[in-house]
Amino acid sequence: MTVIDCLGQRCPLPVIALAKRLPGVPVGEVVRVLADDPAAANDIPAWCRMRGHEYVGRITTDGAPAYDVRRTH
Amino acid sequence: MTYFDAAAAAPLHPVARQALLAALDDGWADPGKLYSQARRARQLLDAARATTAEILRVRPDELTFTSGGTEAAQSAVRGGLSGRRRAGDRLVHSAIEHSAVLYAAGSAGVEVPVDRQGRLDLDAWREAVKSPGVALAALISASHEVGTVQPVAEAAQACAAAGVPLYVDAAQSVGRVPVPDGWSLLTASARKWGGPAGVGLLVVRKGVRWPPGHEDTGRDLPAIVAAAAALRAVSGEQAAEAARLAPLVDRIRRVVAATVPDVEVVGDPDDRLPHLVTFSCLYVDGEALLHALDRRGFAVSSGSSCTSSTLRPSHVLEAMGVLSHGNVRVSLHRETTEADVDRFLSELPDVVATLRAEAGVTDL
């Protein structure tokens with residue numbers, strides 16, 4: 001799985017990183033964004049809705065929040 | 001400078017300025033004393049109270065002046081909870097209340113969600129207010145961040161059926177749009193309607209359980225006089241101003257969506273306040289956007305986390321699930337002209353495009 005480490009970055013940087021990386025993975029694949037900025041929890045799902053990609057959900061890895069997004073087109 | 005932050009504080013109404021200066025000369029004495037200067041001050045306070053009560057369609061003795069909207073909100077929550085502590089200790093509130101209400105609610109709060117447009121989930125509200133242990137319910141009359149008008153009348157019916165008093169934070173509505181009846185407690189803030197800062201209103205309807213309180217004779221009397229004068233003036237202009245500003249807000253919503261790529265215009269498109277509009281620009285830093293607009297002579301507000309002292313995004317935008325970064329709130333007032341709005345709309349696309357180019361996100 002592609003993992004993008006955005007820990008310590010403030011929004012909109014995690015969303016920008018996701019938008020740059022997602023086109024590089026095959027359709028159907030999941031990208032995981034590690035982001036501890038509180039706005040990421042809101043803005044990553046909002047970006048998925050605006051761009052028509054699937055927001056898979058939030059998990060915690062090594063104590064840090066992470067967000068999984070599946071490229072759908 | 002074009003000032004677009006009336007939802008925080010409207011420019012002082014000229015009538016308020018006149019009243020303030022007159023009351024500084026005439027109303028400086030302690031209205032609680034018994035000499036002639038004090039009686040004059042008492043007359044001014046009573047007249048301000050009578051004017052304000054008449055406009056709000058309440059009794060003068062139901063109205064208290066506070067030191068501002070925040071104090072009024074805190075009093076409403078604490079007094080409302082305290083007066084009903086035999087019934088319970090819970091405060092049911094929407095997820096989009098003002099932070100002053102959420103702060104006063106503390107651990108007593110039970111949150112009711114809103115939809116993507118920022119409108120209260122009435123079914124969830126009905127369930128919440130009739131559950132055991134609810135002392136008070138709180139609903140903002142219309143969102144101070146996105147402008148969506150809340151279903152106050154329906155929410156009040158649910159509260160009445162459950163025997164729970166309703167507190168309405170009407171800070172964005174008083175002086176702008178009518179507020180439905182059916183509430184037990186109401187607060188507002190004078191600087192939102194063109195009065196001076198430092199004057200809030202608390203209305204406690206007759207029959208509401210309320211802890212014994214104090215008389216509000218020690219407040220800033222000249223400011224209260226000015227606030228009442230401004231409220232009378234804006235109430236007279238209210239319908240005409242709403243009819244003038246609502247099309248400008250509609251134009252901002254329409255033109256921003258058409259001319260700025262990747263923008264999310266938020267809040268209900270129709271059932272909304274006439275003077276307030278909010279949108280979020282994808283990939284743009286909210287703080288940078290505010291500063292760029294400031295350099296072009298526009299004062300706006302933002303719900304983005306980078307613009308808040310807590311570095312958290314707006315709880316209102318979060319509750320709606322809409323984009324929180326690159327957020328701008330534009331709120332208009334009686335001095336706003338069509339030309340101001342047109343200049344904003346002509347400059348905004350370039351401001352956003354420049355920021356995106358600097359951040360290297362133009363083609364994302």
# chains A, B, ... in the order shown; residues from 1 in each chain; ligands from 1
>>> select_by_dssp(residues="chain A", states="alpha helix (DSSP H)", output="PyMOL selection string")
chain A and resi 13-21+40-51
>>> residues_around(residues="range 18-33 of chain A", least_positions_apart="3", cutoff="10 Å", atoms="only C-alpha atoms", output="PyMOL selection string")
(chain A and resi 1-7+13-15+36+40+44+47-48+51+53-59+65-73) or (chain B and resi 283+361+363-364)
>>> residues_around(residues="range 172-184 of chain B", least_positions_apart="6", cutoff="7 Å", atoms="only C-alpha atoms", output="PDB file with C-alpha atoms, in the first residue's frame")
ATOM      1  CA  ALA B   7     -21.243  38.868  11.500  1.00  0.00           C
ATOM      2  CA  SER B 141     -31.448  30.874  15.251  1.00  0.00           C
ATOM      3  CA  ALA B 142     -29.207  30.806  12.167  1.00  0.00           C
ATOM      4  CA  HIS B 144     -23.120  32.459  12.422  1.00  0.00           C
ATOM      5  CA  VAL B 152     -36.621  27.113  15.385  1.00  0.00           C
ATOM      6  CA  ALA B 153     -40.430  26.809  15.301  1.00  0.00           C
ATOM      7  CA  ALA B 156     -39.647  24.711  19.857  1.00  0.00           C
ATOM      8  CA  PRO B 165     -37.377  25.055  27.828  1.00  0.00           C
ATOM      9  CA  LEU B 166     -35.649  26.227  24.637  1.00  0.00           C
ATOM     10  CA  LYS B 192     -23.929  42.498  15.483  1.00  0.00           C
ATOM     11  CA  TRP B 193     -26.729  44.988  14.684  1.00  0.00           C
ATOM     12  CA  VAL B 204     -36.091  35.194  30.215  1.00  0.00           C
ATOM     13  CA  ARG B 205     -39.796  34.683  29.525  1.00  0.00           C
ATOM     14  CA  VAL B 208     -39.316  30.055  33.091  1.00  0.00           C
ATOM     15  CA  LEU B 231     -31.804  48.385  17.254  1.00  0.00           C
ATOM     16  CA  VAL B 234     -32.110  48.773  12.076  1.00  0.00           C
ATOM     17  CA  SER B 235     -35.490  47.238  12.852  1.00  0.00           C
ATOM     18  CA  GLN B 238     -34.697  45.455   8.434  1.00  0.00           C
ATOM     19  CA  ALA B 242     -32.656  42.099   3.804  1.00  0.00           C
TER      20      ALA B 242
END
>>> interface_residues(of="chain B", to="chain A", cutoff="7 Å", atoms="only C-alpha atoms", output="list of chain:residue names")
B:Tyr283, B:Val284, B:Asp285, B:Ser305, B:Arg312, B:Pro313, B:Glu318, B:Gly321, B:Val322, B:Leu323, B:Ser324, B:His325, B:Leu364
>>> write_last_selection(atoms="N, CA, C and O atoms", output="JSON list (two decimals), in the first residue's frame")
[["chain", "number", "residue", "atom", "x", "y", "z"],
["B", 283, "TYR", "N", -7.22, 23.37, -1.58],
["B", 283, "TYR", "CA", -5.75, 23.46, -1.61],
["B", 283, "TYR", "C", -5.21, 24.82, -1.18],
["B", 283, "TYR", "O", -4.01, 25.08, -1.30],
["B", 284, "VAL", "N", -6.08, 25.72, -0.71],
["B", 284, "VAL", "CA", -5.61, 27.06, -0.34],
["B", 284, "VAL", "C", -5.55, 27.16, 1.18],
["B", 284, "VAL", "O", -6.46, 26.70, 1.88],
["B", 285, "ASP", "N", -4.49, 27.75, 1.69],
["B", 285, "ASP", "CA", -4.31, 27.98, 3.11],
["B", 285, "ASP", "C", -5.20, 29.17, 3.53],
["B", 285, "ASP", "O", -5.10, 30.26, 2.95],
["B", 305, "SER", "N", -8.61, 26.17, 10.24],
["B", 305, "SER", "CA", -7.91, 25.95, 11.50],
["B", 305, "SER", "C", -6.71, 26.88, 11.66],
["B", 305, "SER", "O", -6.41, 27.33, 12.76],
["B", 312, "ARG", "N", -7.64, 24.47, 15.51],
["B", 312, "ARG", "CA", -8.63, 23.47, 15.12],
["B", 312, "ARG", "C", -9.55, 24.10, 14.08],
["B", 312, "ARG", "O", -9.84, 25.29, 14.16],
["B", 313, "PRO", "N", -10.03, 23.30, 13.13],
["B", 313, "PRO", "CA", -10.98, 23.87, 12.17],
["B", 313, "PRO", "C", -12.30, 24.20, 12.87],
["B", 313, "PRO", "O", -12.58, 23.69, 13.95],
["B", 318, "GLU", "N", -16.90, 21.29, 10.42],
["B", 318, "GLU", "CA", -16.71, 19.87, 10.73],
["B", 318, "GLU", "C", -18.04, 19.15, 10.85],
["B", 318, "GLU", "O", -18.21, 18.05, 10.32],
["B", 321, "GLY", "N", -19.41, 18.50, 7.61],
["B", 321, "GLY", "CA", -18.59, 17.64, 6.76],
["B", 321, "GLY", "C", -18.14, 18.31, 5.47],
["B", 321, "GLY", "O", -17.91, 17.66, 4.46],
["B", 322, "VAL", "N", -18.03, 19.63, 5.50],
["B", 322, "VAL", "CA", -17.57, 20.35, 4.31],
["B", 322, "VAL", "C", -16.11, 20.76, 4.49],
["B", 322, "VAL", "O", -15.59, 20.79, 5.61],
["B", 323, "LEU", "N", -15.50, 21.09, 3.37],
["B", 323, "LEU", "CA", -14.08, 21.46, 3.38],
["B", 323, "LEU", "C", -13.85, 22.61, 4.35],
["B", 323, "LEU", "O", -14.58, 23.60, 4.35],
["B", 324, "SER", "N", -12.82, 22.47, 5.20],
["B", 324, "SER", "CA", -12.58, 23.53, 6.20],
["B", 324, "SER", "C", -11.39, 24.41, 5.84],
["B", 324, "SER", "O", -11.28, 25.53, 6.34],
["B", 325, "HIS", "N", -10.47, 23.92, 4.99],
["B", 325, "HIS", "CA", -9.35, 24.80, 4.66],
["B", 325, "HIS", "C", -9.75, 25.76, 3.53],
["B", 325, "HIS", "O", -10.74, 25.55, 2.84],
["B", 364, "LEU", "N", -3.82, 20.33, -9.83],
["B", 364, "LEU", "CA", -4.25, 19.13, -9.09],
["B", 364, "LEU", "C", -5.73, 18.84, -9.31],
["B", 364, "LEU", "O", -6.52, 19.75, -9.36]]
>>> residues_around(residues="Gln117 in chain B", least_positions_apart="5", cutoff="12 Å", atoms="only C-alpha atoms", output="list of chain:residue names")
B:Ile96, B:Ala142, B:Ser143, B:Glu145, B:Val146, B:Gly147, B:Thr148, B:Val149, B:Gln150, B:Glu264, B:Val265, B:Val266, B:Gly267, B:Asp268, B:Pro269, B:Asp270, B:Asp271, B:Arg272, B:Thr278, B:Val316, B:Leu317, B:Glu318, B:Ala319, B:Met320, B:Gly321, B:Val322
>>> select_by_dssp(residues="chain A", states="strand (DSSP E or B)", output="list in words")
Thr2, Val3, Ile4, Asp5, Val30, Val31, Arg32, Val33, Leu34, Glu54, Tyr55, Val56, Gly57, Arg58, Ile59, Thr60, Thr61, Ala64, Pro65, Ala66, Tyr67, Asp68, Val69 and Arg70 of chain A
>>> write_last_selection(atoms="N, CA and C atoms", output="PDB file, in the first residue's frame")
ATOM      1  N   THR A   2       0.441   2.249  -0.743  1.00  0.00           N
ATOM      2  CA  THR A   2       1.161   3.525  -0.745  1.00  0.00           C
ATOM      3  C   THR A   2       0.839   4.278   0.547  1.00  0.00           C
ATOM      4  N   VAL A   3       1.864   4.698   1.257  1.00  0.00           N
ATOM      5  CA  VAL A   3       1.678   5.460   2.493  1.00  0.00           C
ATOM      6  C   VAL A   3       2.327   6.829   2.322  1.00  0.00           C
ATOM      7  N   ILE A   4       1.557   7.871   2.655  1.00  0.00           N
ATOM      8  CA  ILE A   4       2.087   9.241   2.592  1.00  0.00           C
ATOM      9  C   ILE A   4       2.220   9.749   4.022  1.00  0.00           C
ATOM     10  N   ASP A   5       3.413  10.124   4.394  1.00  0.00           N
ATOM     11  CA  ASP A   5       3.636  10.601   5.762  1.00  0.00           C
ATOM     12  C   ASP A   5       3.492  12.127   5.799  1.00  0.00           C
ATOM     13  N   VAL A  30      -5.573   1.488  -2.594  1.00  0.00           N
ATOM     14  CA  VAL A  30      -5.782   2.375  -1.447  1.00  0.00           C
ATOM     15  C   VAL A  30      -4.490   3.110  -1.106  1.00  0.00           C
ATOM     16  N   VAL A  31      -4.628   4.387  -0.850  1.00  0.00           N
ATOM     17  CA  VAL A  31      -3.511   5.212  -0.366  1.00  0.00           C
ATOM     18  C   VAL A  31      -3.797   5.567   1.093  1.00  0.00           C
ATOM     19  N   ARG A  32      -2.777   5.429   1.929  1.00  0.00           N
ATOM     20  CA  ARG A  32      -2.936   5.770   3.354  1.00  0.00           C
ATOM     21  C   ARG A  32      -2.206   7.075   3.635  1.00  0.00           C
ATOM     22  N   VAL A  33      -2.919   8.033   4.242  1.00  0.00           N
ATOM     23  CA  VAL A  33      -2.322   9.323   4.588  1.00  0.00           C
ATOM     24  C   VAL A  33      -2.159   9.386   6.101  1.00  0.00           C
ATOM     25  N   LEU A  34      -0.923   9.493   6.575  1.00  0.00           N
ATOM     26  CA  LEU A  34      -0.691   9.717   8.000  1.00  0.00           C
ATOM     27  C   LEU A  34      -0.715  11.222   8.235  1.00  0.00           C
ATOM     28  N   GLU A  54     -13.187   7.164  -3.093  1.00  0.00           N
ATOM     29  CA  GLU A  54     -13.819   6.515  -1.941  1.00  0.00           C
ATOM     30  C   GLU A  54     -13.003   6.761  -0.675  1.00  0.00           C
ATOM     31  N   TYR A  55     -13.649   7.335   0.324  1.00  0.00           N
ATOM     32  CA  TYR A  55     -13.022   7.473   1.637  1.00  0.00           C
ATOM     33  C   TYR A  55     -13.267   6.171   2.395  1.00  0.00           C
ATOM     34  N   VAL A  56     -12.214   5.409   2.642  1.00  0.00           N
ATOM     35  CA  VAL A  56     -12.371   4.091   3.261  1.00  0.00           C
ATOM     36  C   VAL A  56     -12.559   4.219   4.766  1.00  0.00           C
ATOM     37  N   GLY A  57     -11.782   5.111   5.390  1.00  0.00           N
ATOM     38  CA  GLY A  57     -11.970   5.312   6.823  1.00  0.00           C
ATOM     39  C   GLY A  57     -10.693   5.719   7.524  1.00  0.00           C
ATOM     40  N   ARG A  58     -10.842   5.914   8.826  1.00  0.00           N
ATOM     41  CA  ARG A  58      -9.738   6.388   9.667  1.00  0.00           C
ATOM     42  C   ARG A  58      -9.262   5.245  10.555  1.00  0.00           C
ATOM     43  N   ILE A  59      -7.973   5.112  10.672  1.00  0.00           N
ATOM     44  CA  ILE A  59      -7.414   4.141  11.601  1.00  0.00           C
ATOM     45  C   ILE A  59      -6.313   4.832  12.411  1.00  0.00           C
ATOM     46  N   THR A  60      -5.734   4.111  13.348  1.00  0.00           N
ATOM     47  CA  THR A  60      -4.604   4.649  14.099  1.00  0.00           C
ATOM     48  C   THR A  60      -3.419   3.713  13.911  1.00  0.00           C
ATOM     49  N   THR A  61      -2.301   4.271  13.446  1.00  0.00           N
ATOM     50  CA  THR A  61      -1.088   3.452  13.298  1.00  0.00           C
ATOM     51  C   THR A  61       0.022   4.076  14.132  1.00  0.00           C
ATOM     52  N   ALA A  64      -0.693   7.332  15.708  1.00  0.00           N
ATOM     53  CA  ALA A  64      -0.988   8.510  14.891  1.00  0.00           C
ATOM     54  C   ALA A  64      -2.205   8.237  14.011  1.00  0.00           C
ATOM     55  N   PRO A  65      -3.038   9.263  13.770  1.00  0.00           N
ATOM     56  CA  PRO A  65      -4.194   9.063  12.897  1.00  0.00           C
ATOM     57  C   PRO A  65      -3.769   8.837  11.446  1.00  0.00           C
ATOM     58  N   ALA A  66      -4.491   7.963  10.766  1.00  0.00           N
ATOM     59  CA  ALA A  66      -4.232   7.710   9.355  1.00  0.00           C
ATOM     60  C   ALA A  66      -5.571   7.580   8.638  1.00  0.00           C
ATOM     61  N   TYR A  67      -5.575   7.961   7.359  1.00  0.00           N
ATOM     62  CA  TYR A  67      -6.813   7.999   6.584  1.00  0.00           C
ATOM     63  C   TYR A  67      -6.601   7.232   5.283  1.00  0.00           C
ATOM     64  N   ASP A  68      -7.480   6.269   5.009  1.00  0.00           N
ATOM     65  CA  ASP A  68      -7.351   5.441   3.808  1.00  0.00           C
ATOM     66  C   ASP A  68      -8.316   5.928   2.727  1.00  0.00           C
ATOM     67  N   VAL A  69      -7.777   6.073   1.518  1.00  0.00           N
ATOM     68  CA  VAL A  69      -8.564   6.562   0.379  1.00  0.00           C
ATOM     69  C   VAL A  69      -8.338   5.612  -0.797  1.00  0.00           C
ATOM     70  N   ARG A  70      -9.420   5.172  -1.432  1.00  0.00           N
ATOM     71  CA  ARG A  70      -9.309   4.294  -2.604  1.00  0.00           C
ATOM     72  C   ARG A  70      -9.553   5.103  -3.878  1.00  0.00           C
TER      73      ARG A  70
END
>>> closest_residue(among="B:Ala38, B:Ile140, B:Ala104, B:Ile252", to="Gly118 in chain B", atoms="only C-alpha atoms")
B:Ile140
>>> residues_around(residues="Leu186 in chain B", least_positions_apart="6", cutoff="6 Å", atoms="only C-alpha atoms", output="PyMOL selection string")
chain B and resi 167-169+202-203
